[in-house]
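A short write-up of the structure that comes next.
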Amino acid sequence: MTIPVLELSNVESSYGPVQALRGVTLTVEEGKIVTVLGANGAGKSTILKTISGIIDPSKGQVKLRGGEIQGWAPDRIVRAGIGHVPEGREVFPLLSIEDNLRMGAYTRSDPDGVAKDIEAVYGYFPILRERSKQEAGQLSGGQQQMLAIARALLSRPTVMLMDEPSLGLSPKLTNEIFKIIVRINRERGTTILLVEQNAHMALATADHGYVLETGRIVMEDTCKRLAEKEDIREFYLGIKEAGVRGHRRWKKKKQWR
């Protein structure tokens, strides 16, 4: 039996007296893109923060390649192979783009390898090369999102946690970001756990999906099957069943995606 690269088993996490996760169990297979769907406040970001060590779970296990990592310090988790692209980008606004990228490699001690990887991420995001000496705070929202993803890649992660990469972006930039996410997964073999409110993009991009409601996983399946479920289509994709006409509208939207 193949051991998942990342696994949560009956995880519970809280913010003080408020319980945010209630027995969450999920697995992420190596080389796959897995998405977690849910409304605001469902606990999606809390899952990622619990994995990356920002929040310690009160119960349950977080495993990386079969070994427990819950309770580890965040820097140790980064060194173990987990990168986190946080919601809202969280770049260092007064540092240059290049220095932001080097901050992503702070756990590494191979300067030649770091320089090579900086060149590689410039290949994904040419605009960052053009503005490499510019302060990150002067970038647009889309460019900051690119920088946040590139910075996470500098740690050479086995698994990337991505929190709302389309937040605040135009449809055009959202499409661009998701194309790059797919490239990173396919070309580098990086496993990705994606939290995203844009269910259309998430289901079109990911291999497997989980639906989270008030801290509990209520559904899981391949993204293809999730996209065909009536309640997912209505509540997350905004498509109501209306006989043949509704089916034709759904097919048209799916082709447009």
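Chain identifiers are assigned as A, B, and so on, following the order in which chains appear in the structure tokens; residues are numbered from 1 within each chain, and ligands are numbered from 1 in order of appearance.
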
Open item on the list: Can you pull out every residue from region 49-105 of chain A that DSSP, working from the backbone, puts in helix (DSSP H, G or I), and format the result as a list in words?
Closed with: Lys49, Thr50, Ile51, Pro74, Asp75, Arg76, Ile77, Val78, Arg79, Ala80, Ile97, Glu98, Asp99, Asn100, Leu101, Arg102, Met103 and Gly104 of chain A

So that each row is one residue of region 177-206 of chain A with an atom at most 9 Å from region 47-56 of chain A, can you give its shortest atom pair and the distance in Å to one decimal, using only C-alpha atoms, rows by chain and rising number, as a Markdown table?
```
| residue | atom | partner | partner_atom | distance |
| --- | --- | --- | --- | --- |
| A:Leu193 | CA | A:Leu48 | CA | 8.3 |
| A:Leu194 | CA | A:Leu48 | CA | 9.0 |
| A:Val195 | CA | A:Leu48 | CA | 8.2 |
```

For the residues in that selection, give me N, CA and C atoms as a PDB file, in the first residue's frame.
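again_16.pdb, freshly written:
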```pdb
ATOM      1  N   LEU A 193      -1.693  21.150  -2.206  1.00  0.00           N
ATOM      2  CA  LEU A 193      -2.967  21.178  -1.483  1.00  0.00           C
ATOM      3  C   LEU A 193      -3.498  22.591  -1.596  1.00  0.00           C
ATOM      4  N   LEU A 194      -4.629  22.727  -2.273  1.00  0.00           N
ATOM      5  CA  LEU A 194      -5.149  24.021  -2.683  1.00  0.00           C
ATOM      6  C   LEU A 194      -6.450  24.348  -1.961  1.00  0.00           C
ATOM      7  N   VAL A 195      -6.473  25.490  -1.285  1.00  0.00           N
ATOM      8  CA  VAL A 195      -7.703  26.041  -0.704  1.00  0.00           C
ATOM      9  C   VAL A 195      -8.140  27.186  -1.605  1.00  0.00           C
TER      10      VAL A 195
END
```

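Of the listed residues A:Arg129, A:Arg89, A:His200, A:Arg233, the one whose atoms come nearest to Gly168 (chain A) is A:Arg89, with distances taken using only C-alpha atoms.
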
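If you measure from each of A:Cys223, A:Leu37, A:Asp207, A:Gly88 to Leu167 (chain A) using only C-alpha atoms, the closest one turns out to be A:Gly88.
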
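Close contacts of Thr222 (chain A), defined as residues with an atom at most 12 Å away when counting only C-alpha atoms, with chain neighbours fewer than 5 positions off set aside, comprise Lys32, Ile33, Val34, Thr35, Val36, Ala202, Leu203, Ala204, Thr205, Ala206, Asp207, His208, Gly209, Tyr210, Val211, Ala227, Glu228 and Lys229 of chain A.
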
Based on the selection just made, write N, CA and C atoms of those residues as a JSON list (two decimals), in the first residue's frame.
```json
[["chain", "number", "residue", "atom", "x", "y", "z"],
["A", 32, "LYS", "N", -0.09, 14.83, -6.87],
["A", 32, "LYS", "CA", -1.45, 15.24, -7.19],
["A", 32, "LYS", "C", -1.73, 16.68, -6.75],
["A", 33, "ILE", "N", -2.79, 17.25, -7.31],
["A", 33, "ILE", "CA", -3.34, 18.52, -6.82],
["A", 33, "ILE", "C", -4.66, 18.17, -6.14],
["A", 34, "VAL", "N", -4.76, 18.51, -4.87],
["A", 34, "VAL", "CA", -5.97, 18.25, -4.08],
["A", 34, "VAL", "C", -6.52, 19.59, -3.62],
["A", 35, "THR", "N", -7.83, 19.76, -3.70],
["A", 35, "THR", "CA", -8.44, 21.02, -3.30],
["A", 35, "THR", "C", -9.41, 20.82, -2.15],
["A", 36, "VAL", "N", -9.55, 21.85, -1.33],
["A", 36, "VAL", "CA", -10.54, 21.87, -0.26],
["A", 36, "VAL", "C", -11.49, 23.03, -0.54],
["A", 202, "ALA", "N", -10.91, 25.65, -9.13],
["A", 202, "ALA", "CA", -10.36, 24.59, -8.28],
["A", 202, "ALA", "C", -10.72, 23.21, -8.83],
["A", 203, "LEU", "N", -11.99, 23.01, -9.19],
["A", 203, "LEU", "CA", -12.42, 21.71, -9.69],
["A", 203, "LEU", "C", -11.85, 21.41, -11.07],
["A", 204, "ALA", "N", -11.63, 22.45, -11.87],
["A", 204, "ALA", "CA", -11.05, 22.25, -13.19],
["A", 204, "ALA", "C", -9.56, 21.95, -13.12],
["A", 205, "THR", "N", -8.91, 22.34, -12.02],
["A", 205, "THR", "CA", -7.46, 22.21, -11.89],
["A", 205, "THR", "C", -7.04, 20.98, -11.10],
["A", 206, "ALA", "N", -7.75, 20.68, -10.01],
["A", 206, "ALA", "CA", -7.32, 19.63, -9.08],
["A", 206, "ALA", "C", -7.75, 18.24, -9.54],
["A", 207, "ASP", "N", -7.10, 17.23, -8.94],
["A", 207, "ASP", "CA", -7.43, 15.84, -9.21],
["A", 207, "ASP", "C", -8.51, 15.32, -8.26],
["A", 208, "HIS", "N", -8.40, 15.70, -6.99],
["A", 208, "HIS", "CA", -9.31, 15.19, -5.95],
["A", 208, "HIS", "C", -9.75, 16.37, -5.09],
["A", 209, "GLY", "N", -10.95, 16.27, -4.53],
["A", 209, "GLY", "CA", -11.46, 17.38, -3.74],
["A", 209, "GLY", "C", -12.18, 16.94, -2.48],
["A", 210, "TYR", "N", -12.14, 17.84, -1.49],
["A", 210, "TYR", "CA", -12.87, 17.67, -0.24],
["A", 210, "TYR", "C", -13.76, 18.89, -0.04],
["A", 211, "VAL", "N", -14.93, 18.66, 0.54],
["A", 211, "VAL", "CA", -15.84, 19.76, 0.86],
["A", 211, "VAL", "C", -15.91, 19.88, 2.38],
["A", 227, "ALA", "N", -17.86, 17.81, -9.51],
["A", 227, "ALA", "CA", -18.46, 18.81, -10.40],
["A", 227, "ALA", "C", -19.79, 18.36, -10.97],
["A", 228, "GLU", "N", -20.06, 17.05, -10.91],
["A", 228, "GLU", "CA", -21.31, 16.52, -11.44],
["A", 228, "GLU", "C", -22.39, 16.38, -10.38],
["A", 229, "LYS", "N", -22.03, 16.56, -9.12],
["A", 229, "LYS", "CA", -23.00, 16.41, -8.03],
["A", 229, "LYS", "C", -23.92, 17.63, -7.97]]
```

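Between CA of Glu213 (chain A) and CA of Glu90 (chain A) lies a distance of 26.2 Å.
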
- [ ] Would you kindly return, as a VMD selection string, each protein, DNA or RNA residue with an atom no farther than 6 Å from any atom of region 151-154 of chain A, considering only C-alpha atoms and excluding same-chain residues fewer than 2 positions away?
- [x] chain A and resid 83 101 104 to 105 147 to 149 156

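Residues in contact range of Glu119 (chain A), defined as at most 12 Å between only C-alpha atoms, with sequence neighbours fewer than 4 positions away removed, read Glu98, Leu101, Arg102, Asp112, Gly113, Val114, Ala115, Gly123, Tyr124, Phe125, Pro126, Leu128, Arg129, Glu130, Ser132, Ala150, Leu153 and Leu154 of chain A.
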
Residue selection dump (N, CA and C atoms) as a compact mmCIF listing (two decimals), in the first residue's frame:
```txt
# COMPACT_ATOMS: atom_id res chain seq x y z
N GLU A 98 13.98 40.24 -5.30
CA GLU A 98 15.06 39.26 -5.18
C GLU A 98 15.29 38.88 -3.73
N LEU A 101 12.66 36.52 -2.53
CA LEU A 101 12.92 35.16 -2.99
C LEU A 101 13.99 34.50 -2.13
N ARG A 102 15.02 35.25 -1.78
CA ARG A 102 16.08 34.68 -0.94
C ARG A 102 15.56 34.35 0.46
N ASP A 112 24.70 28.28 -4.71
CA ASP A 112 24.64 28.05 -6.16
C ASP A 112 23.28 27.48 -6.55
N GLY A 113 22.77 26.57 -5.73
CA GLY A 113 21.45 26.00 -5.99
C GLY A 113 20.34 27.03 -5.87
N VAL A 114 20.49 27.93 -4.88
CA VAL A 114 19.50 29.00 -4.71
C VAL A 114 19.49 29.91 -5.93
N ALA A 115 20.68 30.30 -6.40
CA ALA A 115 20.76 31.16 -7.58
C ALA A 115 20.12 30.49 -8.80
N GLY A 123 11.59 32.06 -14.78
CA GLY A 123 11.03 31.47 -15.99
C GLY A 123 9.51 31.34 -15.91
N TYR A 124 9.00 31.07 -14.70
CA TYR A 124 7.56 31.01 -14.51
C TYR A 124 6.95 32.42 -14.48
N PHE A 125 7.69 33.36 -13.91
CA PHE A 125 7.16 34.71 -13.69
C PHE A 125 8.15 35.75 -14.23
N PRO A 126 8.19 35.96 -15.55
CA PRO A 126 9.17 36.90 -16.14
C PRO A 126 9.07 38.31 -15.58
N LEU A 128 8.77 39.21 -12.61
CA LEU A 128 9.58 39.32 -11.40
C LEU A 128 11.05 39.58 -11.74
N ARG A 129 11.53 39.00 -12.83
CA ARG A 129 12.89 39.28 -13.26
C ARG A 129 13.03 40.75 -13.65
N GLU A 130 12.03 41.26 -14.39
CA GLU A 130 12.08 42.64 -14.85
C GLU A 130 12.12 43.62 -13.67
N SER A 132 13.16 42.86 -10.41
CA SER A 132 13.82 42.15 -9.32
C SER A 132 14.38 43.07 -8.24
N ALA A 150 6.46 32.09 -5.98
CA ALA A 150 7.87 31.92 -6.30
C ALA A 150 8.71 31.78 -5.03
N LEU A 153 8.51 28.34 -3.65
CA LEU A 153 9.26 27.38 -4.45
C LEU A 153 10.74 27.36 -4.10
N LEU A 154 11.25 28.47 -3.57
CA LEU A 154 12.68 28.55 -3.24
C LEU A 154 13.07 27.63 -2.09
```

TODO: Determine the nearest neighbour of Gly137 (chain A) from the options A:Pro171, A:Lys116, A:Val91, A:His84, counting only C-alpha atoms.
DONE: A:Val91

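Atom pair CA of Pro165 (chain A) / CA of Ile82 (chain A) has a distance of 16.8 Å (rounded to one decimal).
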
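What separates CA of Ile69 (chain A) from CA of Glu12 (chain A) is a distance of 14.6 Å.
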
As a JSON list (two decimals) with N, CA and C atoms, in the first residue's frame, which residues of region 74-149 of chain A does DSSP assign to strand (DSSP E)?
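Final file, states-v2.json:
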```
[["chain", "number", "residue", "atom", "x", "y", "z"],
["A", 82, "ILE", "N", 7.57, 21.14, 3.35],
["A", 82, "ILE", "CA", 6.26, 21.75, 3.15],
["A", 82, "ILE", "C", 6.41, 23.26, 2.99],
["A", 83, "GLY", "N", 5.94, 23.79, 1.87],
["A", 83, "GLY", "CA", 5.92, 25.23, 1.62],
["A", 83, "GLY", "C", 4.49, 25.75, 1.73],
["A", 84, "HIS", "N", 4.36, 26.99, 2.20],
["A", 84, "HIS", "CA", 3.03, 27.57, 2.45],
["A", 84, "HIS", "C", 2.93, 28.91, 1.74],
["A", 85, "VAL", "N", 1.97, 29.03, 0.84],
["A", 85, "VAL", "CA", 1.65, 30.31, 0.20],
["A", 85, "VAL", "C", 0.41, 30.84, 0.92]]
```

Excluding Leu8 (chain A) and any residue of its chain fewer than 2 positions from it, enumerate the residues within 6 Å of it, using only C-alpha atoms, and give them as a short mmCIF file (atom, residue, chain, number, x, y, z; two decimals) with N, CA and C atoms, in the first residue's frame.
```cif
data_model
loop_
_atom_site.label_atom_id
_atom_site.label_comp_id
_atom_site.auth_asym_id
_atom_site.auth_seq_id
_atom_site.Cartn_x
_atom_site.Cartn_y
_atom_site.Cartn_z
N THR A 25 -10.16 14.51 8.47
CA THR A 25 -9.32 13.45 7.93
C THR A 25 -9.25 13.62 6.42
N LEU A 26 -8.04 13.71 5.90
CA LEU A 26 -7.85 13.79 4.45
C LEU A 26 -6.47 13.27 4.08
N GLN A 61 -3.61 13.61 14.17
CA GLN A 61 -2.26 13.47 13.64
C GLN A 61 -2.13 14.14 12.27
N VAL A 62 -0.97 14.76 12.06
CA VAL A 62 -0.58 15.28 10.75
C VAL A 62 0.68 14.52 10.36
#
```

TODO: Find the residues near Asn40 (chain A): any atom within 12 Å, counting only C-alpha atoms, skip ones fewer than 6 places away on the same chain, and give them as a PyMOL selection string.
DONE: chain A and resi 20+46+164+195-198+212-215+236

Could you turn the residues from that selection into a file that holds N, CA and C atoms, as a PDB file, in the first residue's frame?
```pdb
ATOM      1  N   ALA A  20     -12.268  25.210  15.387  1.00  0.00           N
ATOM      2  CA  ALA A  20     -12.335  25.481  13.945  1.00  0.00           C
ATOM      3  C   ALA A  20     -12.348  24.210  13.113  1.00  0.00           C
ATOM      4  N   THR A  46      -7.512  27.139   8.205  1.00  0.00           N
ATOM      5  CA  THR A  46      -7.046  26.508   9.446  1.00  0.00           C
ATOM      6  C   THR A  46      -6.392  25.163   9.159  1.00  0.00           C
ATOM      7  N   GLU A 164      -6.062  30.369  -1.175  1.00  0.00           N
ATOM      8  CA  GLU A 164      -6.799  31.371  -1.946  1.00  0.00           C
ATOM      9  C   GLU A 164      -5.902  32.136  -2.930  1.00  0.00           C
ATOM     10  N   VAL A 195      -6.473  25.490  -1.285  1.00  0.00           N
ATOM     11  CA  VAL A 195      -7.703  26.041  -0.704  1.00  0.00           C
ATOM     12  C   VAL A 195      -8.140  27.186  -1.605  1.00  0.00           C
ATOM     13  N   GLU A 196      -9.387  27.134  -2.082  1.00  0.00           N
ATOM     14  CA  GLU A 196      -9.801  28.115  -3.078  1.00  0.00           C
ATOM     15  C   GLU A 196     -11.317  28.274  -3.082  1.00  0.00           C
ATOM     16  N   GLN A 197     -11.784  29.540  -3.062  1.00  0.00           N
ATOM     17  CA  GLN A 197     -13.218  29.791  -3.121  1.00  0.00           C
ATOM     18  C   GLN A 197     -13.751  29.789  -4.552  1.00  0.00           C
ATOM     19  N   ASN A 198     -12.875  29.957  -5.518  1.00  0.00           N
ATOM     20  CA  ASN A 198     -13.302  29.888  -6.916  1.00  0.00           C
ATOM     21  C   ASN A 198     -13.433  28.409  -7.280  1.00  0.00           C
ATOM     22  N   LEU A 212     -15.632  21.087   2.873  1.00  0.00           N
ATOM     23  CA  LEU A 212     -15.570  21.354   4.303  1.00  0.00           C
ATOM     24  C   LEU A 212     -16.727  22.255   4.702  1.00  0.00           C
ATOM     25  N   GLU A 213     -17.461  21.873   5.736  1.00  0.00           N
ATOM     26  CA  GLU A 213     -18.540  22.692   6.286  1.00  0.00           C
ATOM     27  C   GLU A 213     -18.396  22.749   7.797  1.00  0.00           C
ATOM     28  N   THR A 214     -18.308  23.958   8.324  1.00  0.00           N
ATOM     29  CA  THR A 214     -18.170  24.205   9.776  1.00  0.00           C
ATOM     30  C   THR A 214     -17.167  23.254  10.416  1.00  0.00           C
ATOM     31  N   GLY A 215     -16.009  23.154   9.799  1.00  0.00           N
ATOM     32  CA  GLY A 215     -14.919  22.394  10.385  1.00  0.00           C
ATOM     33  C   GLY A 215     -14.944  20.902  10.164  1.00  0.00           C
ATOM     34  N   TYR A 236     -21.853  25.658  -4.979  1.00  0.00           N
ATOM     35  CA  TYR A 236     -20.492  26.138  -5.206  1.00  0.00           C
ATOM     36  C   TYR A 236     -20.255  26.643  -6.621  1.00  0.00           C
TER      37      TYR A 236
END
```
